[in-house]
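For reference, start24.cif is printed below; it contains mmCIF, C-alpha atoms.
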```cif
data_work
#
loop_
_atom_site.group_PDB
_atom_site.id
_atom_site.type_symbol
_atom_site.label_atom_id
_atom_site.label_comp_id
_atom_site.auth_asym_id
_atom_site.auth_seq_id
_atom_site.Cartn_x
_atom_site.Cartn_y
_atom_site.Cartn_z
ATOM 1 C CA MET A 189 -29.567 0.322 -42.507
ATOM 2 C CA ASN A 190 -30.288 1.338 -38.946
ATOM 3 C CA ALA A 191 -29.268 -1.403 -36.526
ATOM 4 C CA LEU A 192 -32.543 -0.985 -34.677
ATOM 5 C CA VAL A 193 -34.392 -2.245 -37.735
ATOM 6 C CA THR A 194 -32.170 -5.214 -38.487
ATOM 7 C CA SER A 195 -31.961 -6.520 -34.912
ATOM 8 C CA ASN A 196 -34.346 -9.089 -33.435
ATOM 9 C CA LEU A 197 -37.946 -7.959 -33.171
ATOM 10 C CA ILE A 198 -37.829 -7.786 -29.380
ATOM 11 C CA ASP A 199 -35.424 -8.380 -26.519
ATOM 12 C CA LEU A 200 -37.135 -10.859 -24.212
ATOM 13 C CA ASN A 201 -34.850 -10.000 -21.300
ATOM 14 C CA GLU A 202 -36.333 -6.567 -20.618
ATOM 15 C CA PRO A 203 -39.477 -4.553 -21.459
ATOM 16 C CA PRO A 204 -39.248 -2.913 -24.893
ATOM 17 C CA ARG A 205 -38.643 0.820 -25.131
ATOM 18 C CA ALA A 206 -40.966 3.054 -27.119
ATOM 19 C CA ASN A 207 -38.255 4.786 -29.165
ATOM 20 C CA GLU A 208 -36.616 1.517 -30.176
ATOM 21 C CA MET A 209 -39.878 -0.172 -31.122
ATOM 22 C CA ALA A 210 -41.122 2.864 -33.048
ATOM 23 C CA ALA A 211 -37.892 2.780 -35.071
ATOM 24 C CA LYS A 212 -38.481 -0.882 -35.869
ATOM 25 C CA PHE A 213 -42.096 -0.261 -36.876
ATOM 26 C CA ASN A 214 -41.199 2.613 -39.179
ATOM 27 C CA GLY A 215 -38.340 0.581 -40.626
ATOM 28 C CA TYR A 216 -40.839 -1.938 -41.939
ATOM 29 C CA ALA A 217 -43.081 0.757 -43.440
ATOM 30 C CA ARG A 218 -42.912 -0.461 -47.016
ATOM 31 C CA LYS A 219 -45.758 -1.782 -49.112
ATOM 32 C CA THR A 220 -45.024 -5.482 -48.952
ATOM 33 C CA ALA A 221 -46.965 -8.211 -47.191
ATOM 34 C CA GLU A 222 -43.901 -9.237 -45.175
ATOM 35 C CA SER A 223 -43.419 -5.688 -43.944
ATOM 36 C CA VAL A 224 -47.081 -5.477 -42.878
ATOM 37 C CA LEU A 225 -46.624 -8.688 -40.882
ATOM 38 C CA ARG A 226 -43.463 -7.431 -39.211
ATOM 39 C CA MET A 227 -45.148 -4.146 -38.318
ATOM 40 C CA GLY A 228 -47.989 -6.131 -36.753
ATOM 41 C CA LYS A 229 -45.480 -8.237 -34.843
ATOM 42 C CA VAL A 230 -43.801 -5.136 -33.432
ATOM 43 C CA VAL A 231 -47.123 -3.655 -32.263
ATOM 44 C CA SER A 232 -48.285 -6.988 -30.832
ATOM 45 C CA ASP A 233 -45.017 -7.533 -28.961
ATOM 46 C CA MET A 234 -45.036 -3.996 -27.640
ATOM 47 C CA LYS A 235 -48.593 -4.415 -26.368
ATOM 48 C CA ALA A 236 -47.998 -7.840 -24.806
ATOM 49 C CA LYS A 237 -44.562 -7.308 -23.300
ATOM 50 C CA GLY A 238 -44.231 -3.574 -22.857
ATOM 51 C CA ILE A 239 -45.154 -1.270 -20.005
ATOM 52 C CA LYS A 240 -48.474 0.520 -20.549
ATOM 53 C CA SER A 241 -46.937 3.986 -20.533
ATOM 54 C CA GLU A 242 -44.277 2.863 -23.002
ATOM 55 C CA PHE A 243 -46.932 1.314 -25.264
ATOM 56 C CA GLU A 244 -48.882 4.573 -25.313
ATOM 57 C CA LYS A 245 -45.697 6.501 -26.074
ATOM 58 C CA PHE A 246 -44.833 3.995 -28.813
ATOM 59 C CA CYS A 247 -48.262 4.466 -30.451
ATOM 60 C CA GLU A 248 -47.851 8.232 -30.297
ATOM 61 C CA LEU A 249 -44.420 7.988 -31.943
ATOM 62 C CA ILE A 250 -45.814 5.995 -34.883
ATOM 63 C CA GLY A 251 -48.769 8.346 -35.280
ATOM 64 C CA TYR A 252 -51.702 6.516 -33.683
ATOM 65 C CA LYS A 253 -53.740 6.495 -30.490
ATOM 66 C CA SER A 254 -53.202 3.349 -28.441
ATOM 67 C CA GLU A 255 -56.944 2.540 -28.514
ATOM 68 C CA SER A 256 -57.376 3.179 -32.257
ATOM 69 C CA SER A 257 -58.794 0.570 -34.630
ATOM 70 C CA THR A 258 -55.537 0.627 -36.609
ATOM 71 C CA ILE A 259 -53.515 -0.421 -33.562
ATOM 72 C CA ARG A 260 -56.113 -3.086 -32.750
ATOM 73 C CA LYS A 261 -55.782 -4.488 -36.272
ATOM 74 C CA PHE A 262 -51.989 -4.514 -36.136
ATOM 75 C CA ILE A 263 -52.154 -6.400 -32.826
ATOM 76 C CA GLN A 264 -54.402 -9.007 -34.464
ATOM 77 C CA ILE A 265 -52.003 -9.349 -37.399
ATOM 78 C CA GLY A 266 -49.082 -9.740 -34.996
ATOM 79 C CA SER A 267 -50.897 -12.431 -33.023
ATOM 80 C CA LYS A 268 -50.942 -14.592 -36.169
ATOM 81 C CA TYR A 269 -47.420 -13.692 -37.225
ATOM 82 C CA ASP A 270 -45.918 -17.203 -37.302
ATOM 83 C CA GLN A 271 -48.750 -18.600 -39.421
ATOM 84 C CA LEU A 272 -48.856 -15.641 -41.792
ATOM 85 C CA ILE A 273 -45.116 -15.178 -42.295
ATOM 86 C CA ALA A 274 -44.869 -18.807 -43.407
ATOM 87 C CA ASN A 275 -47.270 -17.936 -46.234
ATOM 88 C CA ALA A 276 -46.099 -14.374 -46.907
ATOM 89 C CA ASP A 277 -45.626 -15.042 -50.619
ATOM 90 C CA LYS A 278 -49.350 -15.828 -50.919
ATOM 91 C CA LEU A 279 -50.613 -12.744 -49.095
ATOM 92 C CA PRO A 280 -51.764 -9.411 -50.565
ATOM 93 C CA ASN A 281 -49.876 -6.275 -49.550
ATOM 94 C CA THR A 282 -53.013 -4.358 -48.514
ATOM 95 C CA TRP A 283 -52.760 -4.234 -44.736
ATOM 96 C CA THR A 284 -56.528 -4.200 -44.066
ATOM 97 C CA THR A 285 -56.952 -7.332 -46.181
ATOM 98 C CA VAL A 286 -54.132 -8.978 -44.236
ATOM 99 C CA TYR A 287 -56.023 -8.043 -41.067
ATOM 100 C CA HIS A 288 -59.162 -9.840 -42.289
ATOM 101 C CA ILE A 289 -57.044 -12.894 -43.069
ATOM 102 C CA ALA A 290 -55.555 -12.713 -39.560
ATOM 103 C CA THR A 291 -59.048 -13.043 -38.049
ATOM 104 C CA MET A 292 -59.649 -16.411 -39.723
ATOM 105 C CA SER A 293 -59.470 -19.709 -37.883
ATOM 106 C CA ASP A 294 -56.439 -21.889 -38.621
ATOM 107 C CA ASP A 295 -58.563 -24.408 -40.539
ATOM 108 C CA SER A 296 -60.291 -21.753 -42.641
ATOM 109 C CA PHE A 297 -56.971 -20.102 -43.394
ATOM 110 C CA ALA A 298 -55.436 -23.363 -44.576
ATOM 111 C CA SER A 299 -58.516 -24.131 -46.677
ATOM 112 C CA LYS A 300 -58.533 -20.735 -48.410
ATOM 113 C CA ILE A 301 -54.800 -21.030 -49.081
ATOM 114 C CA ASP A 302 -55.341 -24.447 -50.711
ATOM 115 C CA GLU A 303 -58.279 -23.125 -52.746
ATOM 116 C CA GLY A 304 -56.222 -20.200 -53.991
ATOM 117 C CA VAL A 305 -58.672 -17.672 -52.538
ATOM 118 C CA ILE A 306 -55.884 -16.127 -50.500
ATOM 119 C CA ASN A 307 -53.453 -14.797 -53.059
ATOM 120 C CA PRO A 308 -51.431 -11.596 -53.689
ATOM 121 C CA CYS A 309 -54.272 -10.133 -55.782
ATOM 122 C CA LEU A 310 -56.992 -10.552 -53.135
ATOM 123 C CA ALA A 311 -58.662 -7.160 -52.648
ATOM 124 C CA GLY A 312 -61.946 -5.291 -52.897
ATOM 125 C CA THR A 313 -64.914 -4.465 -50.700
ATOM 126 C CA ASN A 314 -66.158 -8.086 -50.638
ATOM 127 C CA VAL A 315 -62.975 -9.562 -49.198
ATOM 128 C CA ARG A 316 -64.743 -10.832 -46.069
ATOM 129 C CA GLU A 317 -67.277 -12.681 -48.209
ATOM 130 C CA LYS A 318 -64.508 -14.290 -50.260
ATOM 131 C CA LEU A 319 -62.792 -15.395 -47.073
ATOM 132 C CA GLY A 320 -66.008 -16.861 -45.671
ATOM 133 C CA LEU A 321 -66.114 -14.441 -42.741
ATOM 134 C CA SER A 322 -69.610 -13.742 -41.453
ATOM 135 C CA SER A 323 -70.629 -10.098 -41.225
ATOM 136 C CA GLN A 324 -71.892 -8.565 -38.028
ATOM 137 C CA SER A 325 -75.634 -9.089 -37.823
ATOM 138 C CA LYS A 326 -76.516 -6.746 -34.950
ATOM 139 C CA PRO A 327 -78.244 -3.619 -36.303
ATOM 140 C CA LYS A 328 -76.359 -0.427 -35.552
ATOM 141 C CA ALA A 329 -76.019 3.153 -36.666
ATOM 142 C CA VAL A 330 -73.312 3.577 -39.266
ATOM 143 C CA LEU A 331 -72.134 6.309 -41.600
ATOM 144 C CA ALA A 332 -71.066 4.233 -44.527
ATOM 145 C CA ASP A 333 -71.739 2.608 -47.856
ATOM 146 C CA ASP A 334 -73.887 -0.072 -46.193
ATOM 147 C CA ALA A 335 -75.472 2.230 -43.613
ATOM 148 C CA VAL A 336 -78.500 1.360 -41.478
ATOM 149 C CA ILE A 337 -80.209 3.111 -38.576
ATOM 150 C CA ASP A 338 -79.799 1.769 -35.076
ATOM 151 C CA VAL A 339 -82.908 -0.051 -33.861
ATOM 152 C CA VAL A 340 -83.818 0.537 -30.224
ATOM 153 C CA PRO A 341 -85.717 -1.985 -28.012
ATOM 154 C CA ASN A 342 -89.178 -0.495 -28.509
ATOM 155 C CA GLY A 343 -88.916 -0.761 -32.269
ATOM 156 C CA THR A 344 -88.459 2.947 -32.937
ATOM 157 C CA VAL A 345 -85.324 4.651 -34.152
ATOM 158 C CA ASN A 346 -83.151 7.184 -32.388
ATOM 159 C CA GLU A 347 -84.106 10.822 -32.929
ATOM 160 C CA PHE A 348 -81.955 13.111 -35.029
ATOM 161 C CA SER A 349 -80.419 10.211 -36.939
ATOM 162 C CA PHE A 350 -79.403 10.170 -40.562
ATOM 163 C CA LYS A 351 -77.635 7.782 -42.878
ATOM 164 C CA VAL A 352 -75.323 8.182 -45.823
ATOM 165 C CA ARG A 353 -74.785 5.760 -48.682
ATOM 166 C CA LEU A 354 -71.958 5.869 -51.180
ATOM 167 C CA PRO A 355 -73.123 4.767 -54.638
ATOM 168 C CA ASN A 356 -69.565 4.086 -55.811
ATOM 169 C CA CYS A 357 -66.154 3.396 -54.372
ATOM 170 C CA PRO A 358 -64.652 6.856 -53.621
ATOM 171 C CA ASP A 359 -61.518 8.025 -55.395
ATOM 172 C CA ASP A 360 -58.624 9.686 -53.559
ATOM 173 C CA ALA A 361 -60.150 13.170 -53.703
ATOM 174 C CA VAL A 362 -63.501 12.005 -52.321
ATOM 175 C CA SER A 363 -61.752 9.911 -49.649
ATOM 176 C CA LYS A 364 -59.913 13.001 -48.405
ATOM 177 C CA LYS A 365 -63.193 14.929 -48.205
ATOM 178 C CA LEU A 366 -64.861 12.073 -46.352
ATOM 179 C CA LYS A 367 -62.056 11.930 -43.813
ATOM 180 C CA ARG A 368 -62.414 15.665 -43.195
ATOM 181 C CA ILE A 369 -66.218 15.424 -42.850
ATOM 182 C CA LEU A 370 -65.995 12.477 -40.447
ATOM 183 C CA LYS A 371 -63.399 14.292 -38.370
ATOM 184 C CA GLU A 372 -65.596 17.406 -38.144
ATOM 185 C CA LEU A 373 -68.644 15.345 -37.153
ATOM 186 C CA LYS A 374 -66.714 13.680 -34.354
ATOM 187 C CA GLU A 375 -65.409 17.060 -33.166
ATOM 188 C CA ILE A 376 -69.000 18.246 -32.596
ATOM 189 C CA ASN A 377 -69.798 15.064 -30.654
ATOM 190 C CA PHE A 378 -71.687 13.166 -33.351
ATOM 191 C CA GLU A 379 -71.620 9.419 -32.771
ATOM 192 C CA VAL A 380 -70.169 8.181 -36.040
ATOM 193 C CA GLU A 381 -69.266 4.622 -36.939
ATOM 194 C CA GLU A 382 -67.909 3.721 -40.339
ATOM 195 C CA SER A 383 -68.597 0.319 -41.815
ATOM 196 C CA GLU A 384 -65.652 -2.030 -42.101
ATOM 197 C CA SER A 385 -65.668 -1.772 -45.902
ATOM 198 C CA LEU A 386 -65.512 2.027 -45.711
ATOM 199 C CA GLN A 387 -62.674 1.830 -43.185
ATOM 200 C CA ASP A 388 -60.803 -0.414 -45.604
ATOM 201 C CA ILE A 389 -61.086 2.243 -48.298
ATOM 202 C CA LEU A 390 -60.296 5.278 -46.140
ATOM 203 C CA ASN A 391 -57.496 3.594 -44.175
ATOM 204 C CA ASP A 392 -56.063 1.388 -46.914
ATOM 205 C CA THR A 393 -52.591 2.796 -46.197
ATOM 206 C CA PRO A 394 -51.632 3.448 -42.566
ATOM 207 C CA GLN A 395 -49.820 6.701 -41.836
ATOM 208 C CA ALA A 396 -46.541 4.857 -41.434
ATOM 209 C CA LEU A 397 -46.933 3.046 -44.742
ATOM 210 C CA ALA A 398 -47.524 6.321 -46.528
ATOM 211 C CA ALA A 399 -44.079 7.573 -45.579
#
```

How would this structure read if it were set down as structure tokens?
Amino acid sequence: MNALVTSNLIDLNEPPRANEMAAKFNGYARKTAESVLRMGKVVSDMKAKGIKSEFEKFCELIGYKSESSTIRKFIQIGSKYDQLIANADKLPNTWTTVYHIATMSDDSFASKIDEGVINPCLAGTNVREKLGLSSQSKPKAVLADDAVIDVVPNGTVNEFSFKVRLPNCPDDAVSKKLKRILKELKEINFEVEESESLQDILNDTPQALAA
């Protein structure tokens, strides 16, 4: 195995290099909970201890924009690395579910572990509800399975708005079409925001994990 992957996650004596850290990240790109945690740790360390230009290069090398939601989620996972790695055998291997778990308070995490709610089979669109995480209450425009129209201060709605609801969880073929449609909408300057549950479905496997 490549020595870059088996070495320590980060050398504290000098800023991490993009090529080295990208090799580590991709080395963990296997569908196991422990690998998801280590990938998060690499991204989190690179963000916290790396030079900005190197962090941006690192994100490019692993196939993401530095400001993307995927990178943000990996940073959150990495920030809870010590707590999560100690319970890796109880975690699911779906990286977006691990992200939701990483947003929990320490007390809530411990409670859900004891209750058996957090387990390797935890999955589905109602994961946040199972974990006791409150959903965002502020009304906003979304293109998603739980879509609503953004409410403006005077009580009216924005002009030229539309909403889309998915009656069922999309299969792989539909997910690919949705990704293409969303990409095309963004390219013509539509303001599109997917709900968190839709993001979980469309981005269930990061690009690196698909390798």

Separating atom CA of A:Tyr269 from atom CA of A:Glu248, to the nearest tenth of an Å, is a gap of 23.0 Å

Box along x, y and z, 8 Å on every side, all listed atoms of stretch 221-233 of chain A inside: centre and edge lengths in Å to one decimal, as AutoDock Vina command-line options.
```
--center_x -45.9 --center_y -6.4 --center_z -38.1 --size_x 20.9 --size_y 21.6 --size_z 34.2
```

Check: From the set A:Ser363, A:Ser241, A:Ser256, A:Ser267, which residue has the shortest atom-to-atom contact distance to A:Met227, counting all atoms listed in the file?
Finding: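 Selected residue with least distance to A:Met227: A:Ser267.
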
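The coordinates place atom CA of A:Asp277 at 25.2 Å from atom CA of A:Met209.
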
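Taking atom CA of A:Arg316 as the reference point, atom CA of A:Thr291 is found at 10.1 Å.
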
As a check of understanding, name the residues that the PyMOL selection byres ((chain A and resi 254) around 12) selects in the supplied structure, as a tab-separated table (two decimals) with C-alpha atoms, in the coordinates of the input.
```
chain	number	residue	atom	x	y	z
A	231	VAL	CA	-47.12	-3.66	-32.26
A	232	SER	CA	-48.28	-6.99	-30.83
A	234	MET	CA	-45.04	-4.00	-27.64
A	235	LYS	CA	-48.59	-4.42	-26.37
A	240	LYS	CA	-48.47	0.52	-20.55
A	241	SER	CA	-46.94	3.99	-20.53
A	242	GLU	CA	-44.28	2.86	-23.00
A	243	PHE	CA	-46.93	1.31	-25.26
A	244	GLU	CA	-48.88	4.57	-25.31
A	245	LYS	CA	-45.70	6.50	-26.07
A	246	PHE	CA	-44.83	4.00	-28.81
A	247	CYS	CA	-48.26	4.47	-30.45
A	248	GLU	CA	-47.85	8.23	-30.30
A	249	LEU	CA	-44.42	7.99	-31.94
A	250	ILE	CA	-45.81	6.00	-34.88
A	251	GLY	CA	-48.77	8.35	-35.28
A	252	TYR	CA	-51.70	6.52	-33.68
A	253	LYS	CA	-53.74	6.50	-30.49
A	255	GLU	CA	-56.94	2.54	-28.51
A	256	SER	CA	-57.38	3.18	-32.26
A	257	SER	CA	-58.79	0.57	-34.63
A	258	THR	CA	-55.54	0.63	-36.61
A	259	ILE	CA	-53.52	-0.42	-33.56
A	260	ARG	CA	-56.11	-3.09	-32.75
A	261	LYS	CA	-55.78	-4.49	-36.27
A	262	PHE	CA	-51.99	-4.51	-36.14
A	263	ILE	CA	-52.15	-6.40	-32.83
```

Between A:Glu317, A:Glu382, A:Ile369, A:Phe213, smallest distance to A:Arg353 by all atoms listed in the file belongs to A:Glu382

Between A:Ala221, A:Val352, A:Ala211, A:Ile376, smallest distance to A:Pro308 by only C-alpha atoms belongs to A:Ala221

ask   = Can you list, as a list in words, every protein, DNA or RNA residue that comes within 12 Å of stretch 295-306 of chain A when you count all atoms listed in the file, leaving out same-chain residues fewer than 6 positions away?
value = Lys268, Gln271, Leu272, Ala274, Asn275, Ala276, Asp277, Lys278, Leu279, Pro280, Asn281, Thr285, Val286, His288, Ile289, Val315, Arg316, Glu317, Lys318, Leu319, Gly320 and Leu321 of chain A

Please enumerate the residues selected by the PyMOL selection byres ((chain A and resi 203) around 7) when evaluated against the supplied file, formatted as a PyMOL selection string. chain A and resi 202+204-205+237-239

For A:Ile265: contacts at 6 Å, only C-alpha atoms, fewer than 5 positions along chain excluded, given as a list in words =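 With the cut-off at 6 Å, the set is Gly228, Tyr287 and Ala290 of chain A.
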